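Enquirer: For reference, this is query-v2.tsv, and it has TSV, C-alpha atoms.
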chain	number	residue	atom	x	y	z
D	1	MET	CA	28.37	15.63	1.05
D	2	LEU	CA	31.17	15.36	-1.47
D	3	SER	CA	34.67	15.16	-0.14
D	4	LYS	CA	36.32	18.56	-0.33
D	5	ASN	CA	39.28	16.86	-2.02
D	6	CYS	CA	37.15	15.32	-4.75
D	7	ALA	CA	36.10	17.35	-7.77
D	8	ASP	CA	32.45	17.24	-8.81
D	9	TYR	CA	32.07	15.50	-12.18
D	10	SER	CA	28.30	15.13	-12.18
D	11	ASN	CA	28.24	17.20	-15.39
D	12	TYR	CA	29.76	14.27	-17.24
D	13	SER	CA	26.51	13.53	-19.03
D	14	ASP	CA	25.02	10.04	-18.79
D	15	TYR	CA	22.60	10.64	-21.62
D	16	ALA	CA	23.14	9.88	-25.29
D	17	ASP	CA	22.93	13.47	-26.45
D	18	ASP	CA	25.40	15.40	-28.58
D	19	SER	CA	27.78	15.91	-25.66
D	20	ASP	CA	28.17	12.13	-25.42
D	21	ARG	CA	29.81	11.96	-28.83
D	22	LEU	CA	33.21	12.93	-27.45
D	23	SER	CA	35.19	10.16	-25.87
D	24	LEU	CA	38.66	8.85	-25.20
D	25	GLU	CA	40.61	6.89	-27.74
D	26	HIS	CA	40.71	3.24	-26.75
D	27	PRO	CA	43.55	2.89	-24.22
D	28	ASN	CA	44.99	-0.50	-23.44
D	29	HIS	CA	43.52	-1.70	-20.16
D	30	ASN	CA	42.13	-4.75	-18.47
D	31	ASP	CA	38.66	-5.30	-17.05
D	32	ARG	CA	39.74	-4.04	-13.65
D	33	GLY	CA	40.32	-0.54	-15.01
D	34	ASP	CA	43.92	-0.43	-13.78
D	35	ARG	CA	45.75	2.86	-14.11
D	36	HIS	CA	47.10	4.08	-17.42
D	37	ASP	CA	50.13	6.19	-18.26
D	38	TYR	CA	48.09	9.37	-18.50
D	39	THR	CA	46.66	9.34	-14.97
D	40	ASP	CA	49.02	12.10	-13.89
D	41	ARG	CA	47.56	14.55	-16.40
D	42	SER	CA	44.81	16.93	-15.47
D	43	THR	CA	41.31	15.91	-16.51
D	44	GLN	CA	41.23	18.89	-18.87
D	45	THR	CA	44.36	17.66	-20.64
D	46	ILE	CA	42.92	14.15	-20.89
D	47	ASN	CA	39.76	15.46	-22.51
D	48	LYS	CA	41.64	17.58	-25.05
D	49	ALA	CA	44.32	15.07	-25.91
D	50	LEU	CA	42.33	11.86	-26.16
D	51	VAL	CA	38.95	12.59	-27.69
D	52	LYS	CA	37.17	11.35	-30.76
D	53	ARG	CA	33.62	11.13	-32.00
D	54	VAL	CA	31.49	8.32	-30.65
D	55	ARG	CA	28.31	7.10	-32.26
D	56	GLU	CA	25.29	8.49	-30.48
D	57	HIS	CA	23.39	5.22	-30.81
D	58	VAL	CA	24.51	1.65	-31.39
D	59	ASN	CA	22.26	-1.23	-32.38
D	60	PRO	CA	22.34	-3.75	-29.51
D	61	LEU	CA	20.91	-6.43	-31.82
D	62	SER	CA	23.84	-6.33	-34.24
D	63	ASP	CA	26.25	-9.26	-34.29
D	64	LYS	CA	29.00	-7.13	-32.73
D	65	TYR	CA	27.10	-6.95	-29.45
D	66	ARG	CA	25.72	-10.48	-29.24
D	67	GLU	CA	28.66	-12.01	-27.36
D	68	PRO	CA	28.49	-11.72	-23.56
D	69	THR	CA	31.30	-9.87	-21.81
D	70	PRO	CA	33.12	-12.20	-19.40
D	71	ALA	CA	32.69	-11.39	-15.74
D	72	PRO	CA	35.85	-10.12	-14.05
D	73	ASP	CA	37.06	-11.38	-10.68
D	74	TRP	CA	34.83	-9.19	-8.54
D	75	GLU	CA	36.94	-9.77	-5.42
D	76	GLN	CA	39.85	-8.16	-7.29
D	77	VAL	CA	37.77	-5.38	-8.87
D	78	TYR	CA	36.39	-3.92	-5.63
D	79	GLY	CA	38.13	-3.05	-2.40
D	80	ASP	CA	35.36	-4.82	-0.47
D	81	TRP	CA	33.09	-7.06	-2.54
D	82	SER	CA	30.84	-7.72	0.46
D	83	LYS	CA	29.29	-4.24	0.21
D	84	PRO	CA	25.80	-3.89	-1.32
D	85	LEU	CA	25.95	-3.39	-5.08
D	86	SER	CA	24.20	-0.64	-7.03
D	87	LEU	CA	23.96	-1.16	-10.79
D	88	ASP	CA	23.64	1.70	-13.30
D	89	ILE	CA	22.54	0.38	-16.70
D	90	GLY	CA	23.53	2.61	-19.61
D	91	CYS	CA	25.96	4.72	-17.59
D	92	GLY	CA	27.21	6.79	-20.55
D	93	LYS	CA	30.37	8.64	-19.54
D	94	GLY	CA	29.84	7.57	-15.95
D	95	GLY	CA	29.31	10.91	-14.22
D	96	TYR	CA	26.23	9.85	-12.25
D	97	VAL	CA	27.69	6.63	-10.90
D	98	LEU	CA	31.00	8.36	-10.12
D	99	GLU	CA	29.29	10.96	-7.94
D	100	MET	CA	27.08	8.36	-6.27
D	101	ALA	CA	30.16	6.25	-5.47
D	102	LYS	CA	31.70	9.26	-3.72
D	103	LEU	CA	28.51	10.10	-1.85
D	104	TYR	CA	27.82	6.52	-0.75
D	105	PRO	CA	31.15	4.78	-0.06
D	106	ASP	CA	29.31	2.07	1.90
D	107	ARG	CA	28.08	0.66	-1.43
D	108	ASN	CA	29.79	-0.73	-4.49
D	109	TRP	CA	28.79	0.89	-7.78
D	110	LEU	CA	28.88	-0.70	-11.22
D	111	GLY	CA	28.25	1.20	-14.46
D	112	LEU	CA	27.41	-0.79	-17.59
D	113	GLU	CA	27.58	0.81	-21.03
D	114	ILE	CA	27.31	-0.56	-24.58
D	115	ARG	CA	29.39	2.21	-26.21
D	116	GLU	CA	32.89	1.00	-25.46
D	117	PRO	CA	34.75	4.32	-25.97
D	118	LEU	CA	32.57	5.92	-23.30
D	119	VAL	CA	33.60	3.19	-20.87
D	120	HIS	CA	37.26	3.96	-21.60
D	121	ARG	CA	36.57	7.63	-20.93
D	122	ALA	CA	34.87	6.83	-17.62
D	123	ILE	CA	37.75	4.59	-16.55
D	124	ALA	CA	40.30	7.27	-17.47
D	125	LEU	CA	38.46	9.88	-15.42
D	126	LYS	CA	38.20	7.53	-12.45
D	127	ASN	CA	41.91	6.75	-12.66
D	128	SER	CA	42.80	10.44	-12.84
D	129	LEU	CA	40.99	10.96	-9.51
D	130	MET	CA	42.43	8.02	-7.62
D	131	ASP	CA	45.01	10.18	-5.80
D	132	GLU	CA	42.22	12.47	-4.57
D	133	CYS	CA	39.41	10.01	-3.83
D	134	ASP	CA	39.02	6.45	-2.67
D	135	LEU	CA	37.10	4.98	-5.60
D	136	SER	CA	37.73	1.33	-4.81
D	137	ASN	CA	33.93	0.97	-4.72
D	138	LEU	CA	33.48	1.96	-8.39
D	139	HIS	CA	33.84	-0.03	-11.61
D	140	TYR	CA	32.78	0.37	-15.25
D	141	LEU	CA	32.23	-2.40	-17.76
D	142	PHE	CA	31.56	-2.44	-21.50
D	143	CYS	CA	28.78	-4.86	-22.37
D	144	ASN	CA	25.38	-5.38	-23.92
D	145	VAL	CA	23.43	-5.74	-20.69
D	146	ASN	CA	20.65	-7.84	-22.23
D	147	VAL	CA	23.24	-10.39	-23.35
D	148	THR	CA	25.74	-10.22	-20.48
D	149	LEU	CA	23.69	-9.69	-17.32
D	150	PRO	CA	22.48	-13.28	-16.75
D	151	SER	CA	26.06	-14.52	-16.30
D	152	LEU	CA	27.67	-11.36	-14.94
D	153	LEU	CA	26.88	-11.38	-11.22
D	154	PRO	CA	26.05	-13.87	-8.48
D	155	ALA	CA	22.44	-14.36	-7.42
D	156	GLY	CA	21.07	-12.05	-4.76
D	157	LYS	CA	23.83	-9.45	-5.08
D	158	ILE	CA	22.18	-6.28	-6.43
D	159	HIS	CA	20.52	-3.84	-4.01
D	160	GLN	CA	19.64	-1.09	-6.49
D	161	VAL	CA	19.27	-0.69	-10.27
D	162	SER	CA	19.09	2.65	-12.08
D	163	ILE	CA	18.19	3.14	-15.74
D	164	LEU	CA	18.31	6.87	-16.45
D	165	PHE	CA	17.43	8.52	-19.76
D	166	PRO	CA	18.13	5.49	-21.96
D	167	ASP	CA	18.26	5.70	-25.75
D	168	PRO	CA	14.61	6.23	-26.77
D	169	TRP	CA	14.59	4.43	-30.15
D	170	PHE	CA	11.50	6.27	-31.34
D	171	LYS	CA	10.66	4.32	-34.50
D	172	ARG	CA	8.22	1.48	-34.01
D	173	ARG	CA	10.47	-1.04	-35.73
D	174	HIS	CA	13.35	-0.03	-33.44
D	175	LYS	CA	11.58	-0.43	-30.10
D	176	LYS	CA	12.98	-3.94	-29.74
D	177	ARG	CA	16.37	-2.21	-29.38
D	178	ARG	CA	15.34	-0.47	-26.16
D	179	VAL	CA	17.27	-1.62	-23.13
D	180	VAL	CA	14.27	-2.40	-20.91
D	181	GLN	CA	12.86	-5.65	-22.27
D	182	PRO	CA	10.96	-8.41	-20.43
D	183	GLU	CA	14.04	-10.62	-20.66
D	184	LEU	CA	16.13	-8.03	-18.81
D	185	VAL	CA	13.55	-7.80	-16.03
D	186	THR	CA	13.48	-11.59	-15.72
D	187	SER	CA	17.27	-11.68	-15.49
D	188	LEU	CA	17.19	-9.12	-12.71
D	189	THR	CA	14.84	-11.24	-10.61
D	190	ASN	CA	17.67	-13.77	-10.23
D	191	LEU	CA	20.20	-11.15	-9.14
D	192	LEU	CA	18.32	-8.81	-6.80
D	193	VAL	CA	17.97	-8.99	-3.05
D	194	PRO	CA	14.43	-8.65	-1.65
D	195	ASP	CA	13.34	-4.99	-1.47
D	196	ALA	CA	15.97	-3.96	-4.01
D	197	GLU	CA	15.15	-0.60	-5.59
D	198	ILE	CA	14.50	0.04	-9.29
D	199	LEU	CA	14.96	3.67	-10.36
D	200	LEU	CA	13.79	4.70	-13.84
D	201	GLN	CA	13.93	8.13	-15.48
D	202	SER	CA	13.28	9.70	-18.86
D	203	ASP	CA	12.27	13.08	-20.21
D	204	ILE	CA	10.10	11.30	-22.79
D	205	GLU	CA	6.78	10.17	-21.34
D	206	GLU	CA	6.27	7.28	-23.75
D	207	VAL	CA	9.73	5.88	-23.00
D	208	ALA	CA	9.26	6.22	-19.24
D	209	THR	CA	5.81	4.62	-19.47
D	210	SER	CA	7.18	1.72	-21.49
D	211	MET	CA	9.96	1.05	-18.96
D	212	ARG	CA	7.56	1.24	-16.04
D	213	GLU	CA	5.03	-1.06	-17.69
D	214	VAL	CA	7.63	-3.71	-18.50
D	215	PHE	CA	8.60	-3.87	-14.83
D	216	GLU	CA	4.98	-3.71	-13.65
D	217	ALA	CA	4.13	-6.65	-15.92
D	218	ASN	CA	6.43	-8.82	-13.82
D	219	PRO	CA	4.62	-9.72	-10.57
D	220	ASN	CA	7.88	-9.56	-8.60
D	221	PHE	CA	8.05	-5.76	-8.86
D	222	VAL	CA	5.82	-3.32	-6.99
D	223	ASN	CA	5.43	0.28	-8.09
D	224	GLN	CA	5.87	2.39	-4.96
D	225	ALA	CA	3.61	5.11	-6.39
D	226	GLY	CA	0.86	2.64	-7.27
D	227	ILE	CA	0.38	0.79	-10.53
D	228	ASP	CA	0.33	2.99	-13.65
D	229	ASN	CA	1.70	5.96	-11.70
D	230	PHE	CA	4.95	7.86	-11.87
D	231	ALA	CA	6.78	8.72	-8.66
D	232	SER	CA	6.70	12.24	-7.29
D	233	ALA	CA	9.99	13.98	-6.61
D	234	SER	CA	9.39	13.55	-2.87
D	235	LEU	CA	8.83	9.78	-3.19
D	236	TYR	CA	11.76	9.16	-5.52
D	237	PRO	CA	15.00	8.37	-3.59
D	238	GLU	CA	17.67	11.02	-3.11
D	239	HIS	CA	20.19	10.97	-5.94
D	240	VAL	CA	22.72	12.96	-7.94
D	241	MET	CA	21.08	14.57	-10.94
D	242	THR	CA	22.52	13.71	-14.33
D	243	GLU	CA	23.29	16.52	-16.74
D	244	ARG	CA	20.20	15.55	-18.75
D	245	GLU	CA	17.96	15.72	-15.70
D	246	GLU	CA	19.35	19.14	-14.74
D	247	TRP	CA	18.90	20.45	-18.28
D	248	THR	CA	15.33	19.16	-18.51
D	249	ILE	CA	14.37	20.81	-15.24
D	250	SER	CA	16.08	24.06	-16.26
D	251	GLN	CA	13.86	24.12	-19.35
D	252	ALA	CA	10.75	23.74	-17.15
D	253	LYS	CA	10.07	20.37	-18.75
D	254	PRO	CA	8.95	17.26	-16.85
D	255	VAL	CA	11.14	14.37	-15.79
D	256	TYR	CA	9.18	11.13	-15.62
D	257	ARG	CA	10.35	8.91	-12.76
D	258	ALA	CA	9.31	5.44	-11.69
D	259	TYR	CA	10.29	3.86	-8.39
D	260	LEU	CA	9.73	0.15	-7.87
D	261	LYS	CA	10.85	-2.46	-5.37
D	262	PHE	CA	11.61	-6.12	-5.85
D	263	LYS	CA	9.14	-8.20	-3.86
D	264	PRO	CA	9.75	-11.83	-4.85
D	265	ILE	CA	6.56	-13.85	-4.82
D	266	ASN	CA	8.30	-17.20	-4.36
Taking this structure as input, can you express it in the form of structure tokens?
Expert:
Amino acid sequence: MLSKNCADYSNYSDYADDSDRLSLEHPNHNDRGDRHDYTDRSTQTINKALVKRVREHVNPLSDKYREPTPAPDWEQVYGDWSKPLSLDIGCGKGGYVLEMAKLYPDRNWLGLEIREPLVHRAIALKNSLMDECDLSNLHYLFCNVNVTLPSLLPAGKIHQVSILFPDPWFKRRHKKRRVVQPELVTSLTNLLVPDAEILLQSDIEEVATSMREVFEANPNFVNQAGIDNFASASLYPEHVMTEREEWTISQAKPVYRAYLKFKPIN
């Protein structure tokens, strides 16, 4: 259960829809997400005073995103770096990973996002809640995950990976911009602990199928629902629903989920 002293911010959408276009101006901060001058304002004031439009999609193959983001000192970032790490790739404004960090304080949570202003917004919200909640197990980082991940974390550190409602990139010529690529899956095999969980979601069947198939093509990952199958709601692990997932269900539309585990063959 959520702490009674912690507000519920699960409605901070993690999906690249129209609501994701509002974000904080870039505040000055370091990679640790240290507090800023506006942390004593209410969240409502922060949202009204420091918002601007953010591009709904960014091209991860452009030169701007080809440099890896340096890894911070993880011992300084987290209150206890020895905790199991859950990684949310494409965290948007960070609402999902924020709520999961509050629900599961025995884990560290890391949200990665390629749209830098959204990372600043997530950090600002986290900082505004620090007097109410212990969020020393939560961190956000701006990066292009396909470029940064291989050098970001030590081997055998990640216990769970979630990729929820990623940018679909519908056009055939743009599919190489999708976040789930074979190279990403290969990078993860060096960072995961055995039996680490992979959680995938989309409201677009073709996108969900593509993500699932890329993981299934790597022999180190086992689909818990059986190859070529999506996971039922009962099989899929308990989680906080993102705003996009809630909206999709409210419209009586399907959410396509895949649940895999890392079973290293070597």
Enquirer: Quote the spacing between CA of Thr242 (chain D) and CA of Ser128 (chain D) in Å to one decimal place.
Expert: 20.6 Å
Enquirer: Just the number, please: distance in Å from CA of Ile249 (chain D) to CA of Gln160 (chain D), one decimal.
Expert: 24.2 Å
Enquirer: Here is a test: counting all atoms listed in the file, which residue of D:Asp203, D:Glu99, D:Asp131, D:Asp106 is nearest to Tyr78 (chain D)?
Expert: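 Among the listed residues, the smallest separation from Tyr78 (chain D) belongs to D:Asp106.
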Enquirer: Of the candidates D:Ala225, D:Pro237, D:Asn59, D:Lys175, which shows the shortest atom-to-atom distance to Val207 (chain D), using all atoms listed in the file?
Expert: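 Of all the options, D:Lys175 lies closest to Val207 (chain D).
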Enquirer: Need to verify the contact set: Glu113 (chain D), 8 Å, all atoms listed in the file, exclusion of same-chain residues closer than 6 positions in sequence. Can you return it as a PyMOL selection string?
Expert: chain D and resi 89-92+119+140-145
Enquirer: Between D:Val214, D:Ala124, D:Val240, D:Val147, which one has atoms that come closest to Ala258 (chain D), using only C-alpha atoms?
Expert: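 So, comparing all the options, the nearest one is D:Val214.
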Enquirer: Rounded to one decimal in Å, what is the spacing between CA of Arg244 (chain D) and CA of Ser202 (chain D)?
Expert: 9.1 Å
Enquirer: Please list as an MDAnalysis selection string every residue within 8 Å of Ser162 (chain D), counting all atoms listed in the file and excluding residues in the same chain fewer than 2 positions away.
Expert: chainID D and resid 86:89 160 164 198:200
Enquirer: Name the residues within 7 Å of (34.1, 6.9, -4.1), counting all atoms listed in the file in the file's coordinates, and put them as a list in words.
Expert: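 Answer for this query, in the requested form: Leu98, Ala101, Lys102, Leu103, Pro105, Cys133, Asp134, Leu135, Ser136, Asn137 and Leu138 of chain D.
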Enquirer: So that I have them on file, write out the residues from the current selection with C-alpha atoms, as a CSV table (one decimal), keeping the file's coordinate frame.
Expert:
chain,number,residue,atom,x,y,z
D,98,LEU,CA,31.0,8.4,-10.1
D,101,ALA,CA,30.2,6.2,-5.5
D,102,LYS,CA,31.7,9.3,-3.7
D,103,LEU,CA,28.5,10.1,-1.8
D,105,PRO,CA,31.2,4.8,-0.1
D,133,CYS,CA,39.4,10.0,-3.8
D,134,ASP,CA,39.0,6.4,-2.7
D,135,LEU,CA,37.1,5.0,-5.6
D,136,SER,CA,37.7,1.3,-4.8
D,137,ASN,CA,33.9,1.0,-4.7
D,138,LEU,CA,33.5,2.0,-8.4
Enquirer: Which of these residues is nearest to Met211 (chain D), using all atoms listed in the file: D:His174, D:Ala196, D:Tyr256, D:Leu191?
Expert: D:Tyr256
Enquirer: Pull the neighbourhood of (35.3, -8.2, -13.9) for me: all residues within 12 Å in file coordinates, counting only C-alpha atoms, as a list of chain:residue names.
Expert: D:Asn30, D:Asp31, D:Arg32, D:Gly33, D:Asp34, D:Thr69, D:Pro70, D:Ala71, D:Pro72, D:Asp73, D:Trp74, D:Glu75, D:Gln76, D:Val77, D:Tyr78, D:Trp81, D:Leu110, D:Gly111, D:Leu112, D:Leu138, D:His139, D:Tyr140, D:Leu141, D:Phe142, D:Cys143, D:Thr148, D:Ser151, D:Leu152, D:Leu153
Enquirer: Axis-aligned box over every listed atom of region 187-197 of chain D, padded by 3 Å per side: centre and edges in Å to one decimal, as lines of an AutoDock Vina configuration file?
Expert:
center_x = 16.8
center_y = -7.2
center_z = -8.5
size_x = 12.9
size_y = 19.2
size_z = 20.0
Enquirer: Please list as number ranges by chain every residue within 12 Å of Pro264 (chain D), counting only C-alpha atoms and excluding residues in the same chain fewer than 4 positions away.
Expert: D: 156, 186, 188-196, 218-222
Enquirer: Select, from D:Ile204, D:Ile227, D:Ile163, D:Phe215, the residue with the minimum atom-to-atom distance to Lys253 (chain D), counting only C-alpha atoms.
Expert: D:Ile204
